[in-house]
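Structure data (PDB, C-alpha atoms, pLDDT in the B column) from input.pdb:
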```pdb
ATOM      1  CA  MET A   5      19.760  -2.111 -20.967  1.00 87.00           C
ATOM      2  CA  PRO A   6      16.766  -4.450 -20.787  1.00 93.00           C
ATOM      3  CA  LYS A   7      13.382  -3.410 -19.529  1.00 94.00           C
ATOM      4  CA  LEU A   8      12.680  -4.100 -15.861  1.00 95.00           C
ATOM      5  CA  LYS A   9       9.869  -6.375 -14.772  1.00 96.00           C
ATOM      6  CA  THR A  10       7.267  -4.947 -12.425  1.00 97.00           C
ATOM      7  CA  HIS A  11       6.441  -6.985  -9.319  1.00 97.00           C
ATOM      8  CA  SER A  12       2.850  -8.142  -9.825  1.00 97.00           C
ATOM      9  CA  GLY A  13       1.938  -8.080  -6.149  1.00 97.00           C
ATOM     10  CA  ALA A  14       3.417  -4.624  -5.600  1.00 97.00           C
ATOM     11  CA  LYS A  15       1.655  -3.013  -8.560  1.00 96.00           C
ATOM     12  CA  LYS A  16      -1.710  -4.056  -7.095  1.00 96.00           C
ATOM     13  CA  ARG A  17      -0.897  -2.777  -3.596  1.00 97.00           C
ATOM     14  CA  PHE A  18       1.039   0.477  -3.995  1.00 98.00           C
ATOM     15  CA  ASN A  19       0.665   3.791  -5.815  1.00 97.00           C
ATOM     16  CA  LEU A  20       3.008   6.746  -6.057  1.00 97.00           C
ATOM     17  CA  THR A  21       2.004  10.340  -5.364  1.00 96.00           C
ATOM     18  CA  LYS A  22       3.317  13.253  -7.422  1.00 96.00           C
ATOM     19  CA  THR A  23       5.830  14.077  -4.690  1.00 96.00           C
ATOM     20  CA  GLY A  24       7.173  10.511  -4.689  1.00 95.00           C
ATOM     21  CA  LYS A  25       5.512   9.162  -1.548  1.00 97.00           C
ATOM     22  CA  VAL A  26       4.231   5.587  -1.633  1.00 98.00           C
ATOM     23  CA  LYS A  27       0.520   5.187  -0.866  1.00 98.00           C
ATOM     24  CA  ARG A  28      -0.770   1.941   0.617  1.00 98.00           C
ATOM     25  CA  ALA A  29      -3.961   0.519   2.065  1.00 97.00           C
ATOM     26  CA  ARG A  30      -4.279  -0.350   5.725  1.00 97.00           C
ATOM     27  CA  ALA A  31      -4.170  -3.950   6.920  1.00 96.00           C
ATOM     28  CA  TYR A  32      -6.806  -5.909   8.889  1.00 96.00           C
ATOM     29  CA  LYS A  33      -9.749  -4.853   6.685  1.00 95.00           C
ATOM     30  CA  SER A  34     -10.385  -8.048   4.706  1.00 94.00           C
ATOM     31  CA  HIS A  35     -12.279 -10.470   6.982  1.00 96.00           C
ATOM     32  CA  ILE A  36     -13.429 -11.150  10.548  1.00 95.00           C
ATOM     33  CA  LEU A  37     -14.957  -7.682  10.641  1.00 96.00           C
ATOM     34  CA  THR A  38     -17.859  -8.469  12.991  1.00 96.00           C
ATOM     35  CA  LYS A  39     -15.718  -8.296  16.129  1.00 97.00           C
ATOM     36  CA  LYS A  40     -14.053  -5.035  15.048  1.00 97.00           C
ATOM     37  CA  THR A  41     -15.816  -1.835  16.004  1.00 97.00           C
ATOM     38  CA  THR A  42     -17.404   0.406  13.380  1.00 97.00           C
ATOM     39  CA  LYS A  43     -15.006   3.191  14.308  1.00 98.00           C
ATOM     40  CA  ARG A  44     -12.030   0.899  13.801  1.00 97.00           C
ATOM     41  CA  THR A  45     -13.147  -0.367  10.368  1.00 97.00           C
ATOM     42  CA  ARG A  46     -13.960   3.174   9.279  1.00 97.00           C
ATOM     43  CA  HIS A  47     -10.445   4.333  10.142  1.00 97.00           C
ATOM     44  CA  LEU A  48      -8.982   1.339   8.301  1.00 97.00           C
ATOM     45  CA  ARG A  49     -10.556   2.612   5.071  1.00 97.00           C
ATOM     46  CA  ALA A  50      -8.241   5.623   5.003  1.00 97.00           C
ATOM     47  CA  THR A  51      -5.095   5.344   2.912  1.00 96.00           C
ATOM     48  CA  ALA A  52      -1.688   5.512   4.543  1.00 97.00           C
ATOM     49  CA  TYR A  53       1.862   6.104   3.390  1.00 98.00           C
ATOM     50  CA  ALA A  54       4.569   3.468   3.401  1.00 97.00           C
ATOM     51  CA  ASP A  55       7.325   3.820   5.967  1.00 97.00           C
ATOM     52  CA  MET A  56      10.494   5.521   4.748  1.00 96.00           C
ATOM     53  CA  THR A  57      12.518   2.359   5.473  1.00 97.00           C
ATOM     54  CA  ASN A  58      10.521   0.474   2.822  1.00 97.00           C
ATOM     55  CA  VAL A  59      10.124   3.163   0.142  1.00 97.00           C
ATOM     56  CA  ASP A  60      13.315   2.366  -1.803  1.00 97.00           C
ATOM     57  CA  ALA A  61      12.469  -1.346  -2.032  1.00 97.00           C
ATOM     58  CA  ILE A  62       8.892  -0.628  -3.144  1.00 98.00           C
ATOM     59  CA  LYS A  63      10.006   1.847  -5.811  1.00 97.00           C
ATOM     60  CA  LYS A  64      12.335  -0.788  -7.277  1.00 97.00           C
ATOM     61  CA  MET A  65       9.404  -3.184  -7.534  1.00 97.00           C
ATOM     62  CA  ILE A  66       7.220  -0.645  -9.417  1.00 97.00           C
ATOM     63  CA  PRO A  67       9.721   1.128 -11.722  1.00 96.00           C
ATOM     64  CA  TYR A  68       7.194   2.408 -14.289  1.00 95.00           C
ATOM     65  CA  LYS A  69       4.441   3.740 -12.024  1.00 91.00           C
TER      66      LYS A  69
END
```
Here is a file; write its structure as structure tokens.
Amino acid sequence: MPKLKTHSGAKKRFNLTKTGKVKRARAYKSHILTKKTTKRTRHLRATAYADMTNVDAIKKMIPYK
């Protein structure tokens, strides 16, 4: 069986925990930050977990992580 190719965009955006959960960064943190409150941008720094409906698709994109 041939080796699988990793999705380049997915490998930069997602990480797997030891228990198999998919870690992701929060959206809306890249630009236009002046109108967002300090509290809001601070909470956007925290990592989140991918929704269970997307986990199988993400794991197929990053088979060797």
Using all atoms listed in the file, pick whichever of A:Ala52, A:Val59, A:Val26, A:Ile66 has the shortest atom-to-atom distance to His11 of chain A. A:Ile66
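Nearest residue to Met56 of chain A among A:Lys16, A:Lys27, A:Lys33, A:Lys40 is A:Lys27, counting only C-alpha atoms.
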Identify all residues satisfying the PyMOL selection byres ((chain A and resi 28) around 8) in the given file; provide them as an mmCIF file with C-alpha atoms, in the frame of the given file.
```cif
data_model
loop_
_atom_site.group_PDB
_atom_site.id
_atom_site.type_symbol
_atom_site.label_atom_id
_atom_site.label_comp_id
_atom_site.auth_asym_id
_atom_site.auth_seq_id
_atom_site.Cartn_x
_atom_site.Cartn_y
_atom_site.Cartn_z
ATOM 1 C CA ARG A 17 -0.897 -2.777 -3.596
ATOM 2 C CA PHE A 18 1.039 0.477 -3.995
ATOM 3 C CA ASN A 19 0.665 3.791 -5.815
ATOM 4 C CA VAL A 26 4.231 5.587 -1.633
ATOM 5 C CA LYS A 27 0.520 5.187 -0.866
ATOM 6 C CA ALA A 29 -3.961 0.519 2.065
ATOM 7 C CA ARG A 30 -4.279 -0.350 5.725
ATOM 8 C CA THR A 51 -5.095 5.344 2.912
ATOM 9 C CA ALA A 52 -1.688 5.512 4.543
ATOM 10 C CA TYR A 53 1.862 6.104 3.390
ATOM 11 C CA ALA A 54 4.569 3.468 3.401
#
```
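Atom CA of Gly24 of chain A sits 12.6 Å away from atom CA of Tyr68 of chain A.
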To one decimal place, how far is atom CA of Thr21 of chain A from atom CA of Leu8 of chain A in Å? 20.8 Å
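Between atom CA of His35 of chain A and atom CA of Asp55 of chain A the interatomic distance comes to 24.3 Å.
If you measure from each of A:Leu20, A:Ile36, A:Ala50, A:Met5 to Ile62 of chain A using only C-alpha atoms, the closest one turns out to be A:Leu20.
Restricting the calculation to all atoms listed in the file, the smallest distance between Lys25 of chain A and any of A:Leu48, A:Ser12, A:Asp60, A:Pro67 is found for A:Asp60.
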